[in-house]
Amino acid sequence: MTRFAALLVLLNFGVGFPMSSADETTSADEIASADEAIGGREKRIVAAIETTIGQAGGEFRADRFAESGESIRRAMKQIEVAMKVASPAMFDAMTPSMDRIETAHALLELEGVTLPPFRRPGRPEANPSESGPDEGSMSETPPGESVDSDDSDRSDVPDVAEEISFVRHVAPILRGRCGRCHIDQTRGGFAIGSYAALMRGTREGRVVFPGDVIASRLIETIETGDMPRGGGSVPGNELATLKAWILAGAKFDGTDPNAPLPASPLPSDPDGSPSATDEPTMRRPSGSETVSFAADVAPLLVDNCRGCHLDANRASGGLRMDNFAQLLRGGDTGPVIVPGNGEQSLLVRKLRGNEGQRMPAGGRPPLSDGSIALISTWIDEGATLDGADESQPLTVMSQLAWAASASTEEKSERRQEIAGRSLKLALGQDAPPERITSDHFLTVGTVGEATLRRVSESAEGLIKEVRRTVPGVSGGEYFAGRATIFVLPRRYDYSEFAKMVEGRGVPADWSAHWRFDGIDAYVALVVAEADDDDAIEGRLLGPLTSLAIATKGTGVPRWFAEGVGRAVSVRESPPRDRSARREWEAETVEAIKATKTGARFLEGKVTPEQADRVGAAVAGSLLDRPFRRGFDQLLRHLDSGAPFDEAFVASFGGMPVDFLDRWLGRPPARN
């Protein structure tokens, strides 16, 4: 359905998204006076739901259907929460919102947005203790007094208005509508450059009173048309957002109340009016760009922002750059990139020292003028992404870009350098001299040379087993260069290696695992001198198979590589005892129940242990006869350079999420 046809349907139904700024969602005060049978907090809940639907309407009119769907999903959740405490009168007040959600739900699905079903709740029975308006409802609140005074006996009522975020919703509105006069300048003695400045107000006093829209002069000046000056206006849905935020307590949800509001200007809606809630969206290159994000910009960010914004336990300013999506989203003060305008982007202004503290911080040297100009040019050219996808870690993306032009020997040499640094990091000392180089592997570790040699020979011998599942490229090349095998004598050493090198713990039942980050490719495992060759091969087969899959193409997801390795390991290992097999199958069934949908699985909404169980079961199915031809075809497409999703569609006729949804409807394969 086209957008125009969708709007006609809305008009025919008489309900749905607002059509224009003159017909925006009912404001918070209008909703509050619509039904005197409900109290102040209940009115705020209804107002918050309407605000969320209003945001969805603005997003729908701008053809941002995915964002509109997320807003409707949030409104559905708000209805669900509100119904836990809703009185009959409150239910009646929410009925128009439910009508709008139903219509929006249908229209968004016609636009290809998948939403959970909306089941309209039943009207609750009356509770005599809550049958009338609670004392001190908004209609009876004297001007200047907080509407929270009527909620002393309703502390159990959840306030869904708290969904409004100062950082994500309010700050962009203030910056876009008021920034020219009260951020870039201080007209009228009023500055709103930060949350703290806004709450201080003007020389005459405060302009925001938490919980009280009537007393808040900020709202009064907007409603009377006094502000913004110069013929500007604040659309109804944005005004409703400001009111709902104030009614919920005007709370601050950032990390620093003195931090500046977003520096980026507001993008425009199709009708030419600015939209305060827009964020930059991911765009692919047109082919005319001179700067590559993956090869030029990502390495600069990785080298200079790691520890504060990449691979950081707590990202400074709320700005994470672990992947492109996070970079585009921005931090506590909003987006840091304005596509098409590098010099006005907060990222560039920070790097140049033109806005607040110069970056990078922490005593690191500033970027060269040439490096900053490179980033600015990339933004000027549209801030496009030429990596695999927006969720791929920047560390992986930048390394893959380097690896794409590096020779096999160059990759092997780089891995040998990384292996030495990793062992030194894990052991706190220089790497031991023992190392063995073979056709496919560099084997190093803290065990004796004889043990290292047994591991190296076992790994080379397993290549034949790996080839049964994963055919080699170019006559048998694997791992895009020699892979490293780290051999550690004790479980403690293995655990310390994962903690120091990878920054994570490993499950108690692990004794081997693999990793590929775009350049480095390795297996780490525990091997004691007393372990026989069968034990060593049993630990190596699964990780080596997974590593062969992971290094085979572009954007191969971990679930697929890990799943294939686990499935092969289970099939080739000696038969398990009956109780162990039952435990494995029971855990797999529970993992499938927890997974529910392909989207939940692919979005990482299950535990790592559950993901590994489901991945192994799915891979077991792919290796069986009904799907084996498609599996082999998928690997051939990866060999030819096709991205994983494209290769999957060509091999199985649909996206991975669709295949997983169908697969989850049947019992797991018995390995």
# chains A, B, ... in the order shown; residues from 1 in each chain; ligands from 1
call {"tool": "residues_around", "arguments": {"residues": "Leu452 (chain A)", "least_positions_apart": "3", "cutoff": "9 Å", "atoms": "only C-alpha atoms", "output": "PyMOL selection string"}}
result
chain A and resi 434-436+443-449+455-457+487
call {"tool": "write_last_selection", "arguments": {"atoms": "C-alpha atoms", "output": "compact mmCIF listing (two decimals), in the first residue's frame"}}
result
# COMPACT_ATOMS: atom_id res chain seq x y z
CA GLU A 434 58.01 -22.47 22.04
CA ARG A 435 56.07 -22.14 18.80
CA ILE A 436 55.49 -24.47 15.86
CA THR A 443 50.78 -23.24 17.51
CA VAL A 444 52.02 -21.44 20.64
CA GLY A 445 51.49 -21.83 24.36
CA THR A 446 52.86 -22.40 27.84
CA VAL A 447 53.20 -26.17 27.54
CA GLY A 448 56.27 -28.15 26.56
CA GLU A 449 57.45 -28.46 22.98
CA VAL A 455 48.52 -30.35 19.15
CA SER A 456 49.94 -29.00 15.88
CA GLU A 457 49.91 -32.44 14.26
CA VAL A 487 47.66 -24.17 24.07
call {"tool": "residues_around", "arguments": {"residues": "region 495-509 of chain A", "least_positions_apart": "3", "cutoff": "7 Å", "atoms": "only C-alpha atoms", "output": "list in words"}}
result
Ser422, Leu425, Ala426, Arg491 and Tyr492 of chain A
call {"tool": "select_by_dssp", "arguments": {"residues": "region 462-613 of chain A", "states": "helix (DSSP H, G or I)", "output": "NGL selection string"}}
result
:A and (462-469 or 491-502 or 533-550 or 558-572 or 578-595 or 598-602 or 608-613)
call {"tool": "closest_residue", "arguments": {"among": "A:Gly615, A:Arg453, A:Pro335, A:Ile372", "to": "Val348 (chain A)", "atoms": "only C-alpha atoms"}}
result
A:Ile372
call {"tool": "residues_around", "arguments": {"residues": "region 460-468 of chain A", "least_positions_apart": "6", "cutoff": "7 Å", "atoms": "only C-alpha atoms", "output": "count of residues only"}}
result
3
call {"tool": "select_by_dssp", "arguments": {"residues": "region 487-606 of chain A", "states": "strand (DSSP E)", "output": "PyMOL selection string"}}
result
chain A and resi 487-488+512-516+521-526
call {"tool": "write_last_selection", "arguments": {"atoms": "N, CA, C and O atoms", "output": "compact mmCIF listing (two decimals), in the first residue's frame"}}
result
# COMPACT_ATOMS: atom_id res chain seq x y z
N VAL A 487 47.74 -22.96 23.26
CA VAL A 487 47.66 -24.17 24.07
C VAL A 487 48.02 -23.82 25.52
O VAL A 487 49.12 -23.33 25.79
N LEU A 488 47.09 -24.06 26.43
CA LEU A 488 47.26 -23.68 27.84
C LEU A 488 47.12 -24.91 28.71
O LEU A 488 46.23 -25.75 28.48
N ALA A 512 37.68 -25.31 25.23
CA ALA A 512 38.22 -24.81 23.96
C ALA A 512 37.19 -23.87 23.34
O ALA A 512 35.98 -24.05 23.51
N HIS A 513 37.68 -22.86 22.62
CA HIS A 513 36.78 -21.99 21.86
C HIS A 513 37.58 -21.31 20.75
O HIS A 513 38.81 -21.36 20.73
N TRP A 514 36.87 -20.66 19.83
CA TRP A 514 37.48 -20.00 18.68
C TRP A 514 37.11 -18.52 18.69
O TRP A 514 36.15 -18.11 19.33
N ARG A 515 37.86 -17.75 17.90
CA ARG A 515 37.53 -16.33 17.74
C ARG A 515 38.09 -15.82 16.42
O ARG A 515 39.19 -16.18 16.02
N PHE A 516 37.28 -14.97 15.74
CA PHE A 516 37.71 -14.32 14.51
C PHE A 516 37.19 -12.89 14.55
O PHE A 516 35.99 -12.67 14.72
N ALA A 521 42.58 -14.77 13.89
CA ALA A 521 41.77 -15.99 13.87
C ALA A 521 42.49 -17.03 14.72
O ALA A 521 43.63 -17.37 14.42
N TYR A 522 41.82 -17.49 15.78
CA TYR A 522 42.54 -18.43 16.65
C TYR A 522 41.58 -19.38 17.36
O TYR A 522 40.37 -19.14 17.43
N VAL A 523 42.19 -20.45 17.88
CA VAL A 523 41.54 -21.38 18.80
C VAL A 523 42.36 -21.38 20.08
O VAL A 523 43.59 -21.42 20.03
N ALA A 524 41.70 -21.30 21.22
CA ALA A 524 42.37 -21.44 22.52
C ALA A 524 41.81 -22.69 23.18
O ALA A 524 40.59 -22.91 23.17
N LEU A 525 42.69 -23.51 23.76
CA LEU A 525 42.22 -24.74 24.40
C LEU A 525 43.15 -25.16 25.53
O LEU A 525 44.31 -24.72 25.60
N VAL A 526 42.59 -25.99 26.41
CA VAL A 526 43.34 -26.55 27.52
C VAL A 526 43.87 -27.92 27.10
O VAL A 526 43.10 -28.76 26.62
call {"tool": "residues_around", "arguments": {"residues": "Gly331 (chain A)", "least_positions_apart": "3", "cutoff": "12 Å", "atoms": "only C-alpha atoms", "output": "ChimeraX atom specification"}}
result
/A:167-168,171,253-256,259-263,279,309,314-321,325-328,334-337,346-347
call {"tool": "write_last_selection", "arguments": {"atoms": "C-alpha atoms", "output": "mmCIF file, in the first residue's frame"}}
result
data_model
loop_
_atom_site.group_PDB
_atom_site.id
_atom_site.type_symbol
_atom_site.label_atom_id
_atom_site.label_comp_id
_atom_site.auth_asym_id
_atom_site.auth_seq_id
_atom_site.Cartn_x
_atom_site.Cartn_y
_atom_site.Cartn_z
ATOM 1 C CA VAL A 167 17.877 13.393 26.241
ATOM 2 C CA ARG A 168 16.123 11.627 23.361
ATOM 3 C CA ALA A 171 16.454 18.148 24.216
ATOM 4 C CA ASP A 253 18.018 10.889 32.221
ATOM 5 C CA GLY A 254 21.501 11.735 30.965
ATOM 6 C CA THR A 255 24.865 11.455 32.684
ATOM 7 C CA ASP A 256 25.718 15.167 33.083
ATOM 8 C CA ALA A 259 26.321 18.830 29.242
ATOM 9 C CA PRO A 260 25.365 20.910 26.174
ATOM 10 C CA LEU A 261 22.203 20.111 24.258
ATOM 11 C CA PRO A 262 22.638 18.546 20.781
ATOM 12 C CA ALA A 263 24.671 20.756 18.482
ATOM 13 C CA GLU A 279 18.012 10.771 13.869
ATOM 14 C CA HIS A 309 33.616 5.090 23.396
ATOM 15 C CA ARG A 314 30.628 2.859 30.524
ATOM 16 C CA ALA A 315 30.791 5.029 27.432
ATOM 17 C CA SER A 316 31.709 8.676 28.049
ATOM 18 C CA GLY A 317 28.752 10.989 27.461
ATOM 19 C CA GLY A 318 26.587 8.008 26.597
ATOM 20 C CA LEU A 319 28.244 7.859 23.150
ATOM 21 C CA ARG A 320 29.077 4.322 22.090
ATOM 22 C CA MET A 321 30.968 3.611 18.889
ATOM 23 C CA ALA A 325 24.408 2.101 14.437
ATOM 24 C CA GLN A 326 25.591 3.353 17.831
ATOM 25 C CA LEU A 327 27.804 6.007 16.242
ATOM 26 C CA LEU A 328 24.898 7.264 14.142
ATOM 27 C CA GLY A 334 21.892 13.654 20.660
ATOM 28 C CA PRO A 335 23.392 12.769 17.260
ATOM 29 C CA VAL A 336 27.069 13.639 16.685
ATOM 30 C CA ILE A 337 26.842 13.399 12.891
ATOM 31 C CA LEU A 346 29.482 17.537 16.902
ATOM 32 C CA LEU A 347 31.987 14.749 16.197
#
call {"tool": "closest_residue", "arguments": {"among": "A:Arg539, A:Lys605, A:His637, A:Arg200", "to": "Val556 (chain A)", "atoms": "only C-alpha atoms"}}
result
A:His637
call {"tool": "closest_residue", "arguments": {"among": "A:Arg662, A:Arg284, A:Arg558, A:Arg482", "to": "Glu409 (chain A)", "atoms": "only C-alpha atoms"}}
result
A:Arg482
call {"tool": "closest_residue", "arguments": {"among": "A:Trp402, A:Leu602, A:Lys350, A:Trp663", "to": "Leu622 (chain A)", "atoms": "only C-alpha atoms"}}
result
A:Trp663
call {"tool": "closest_residue", "arguments": {"among": "A:Arg283, A:Arg119, A:His105, A:Arg600", "to": "Asp658 (chain A)", "atoms": "only C-alpha atoms"}}
result
A:Arg600
call {"tool": "closest_residue", "arguments": {"among": "A:Ser651, A:Glu537, A:Gln357, A:Thr52", "to": "Arg629 (chain A)", "atoms": "only C-alpha atoms"}}
result
A:Ser651
call {"tool": "residues_around", "arguments": {"residues": "region 77-80 of chain A", "least_positions_apart": "3", "cutoff": "10 Å", "atoms": "only C-alpha atoms", "output": "list in words"}}
result
Ile45, Val46, Ala48, Ile49, Thr52, Ser71, Ile72, Arg73, Arg74, Met83, Lys84, Val85, Ala86, Phe91, Met94, Ser97, Met98, Ile101, Phe118, Arg119, Arg120, Pro121, Pro158, Asp159, Val160, Ala161 and Glu163 of chain A
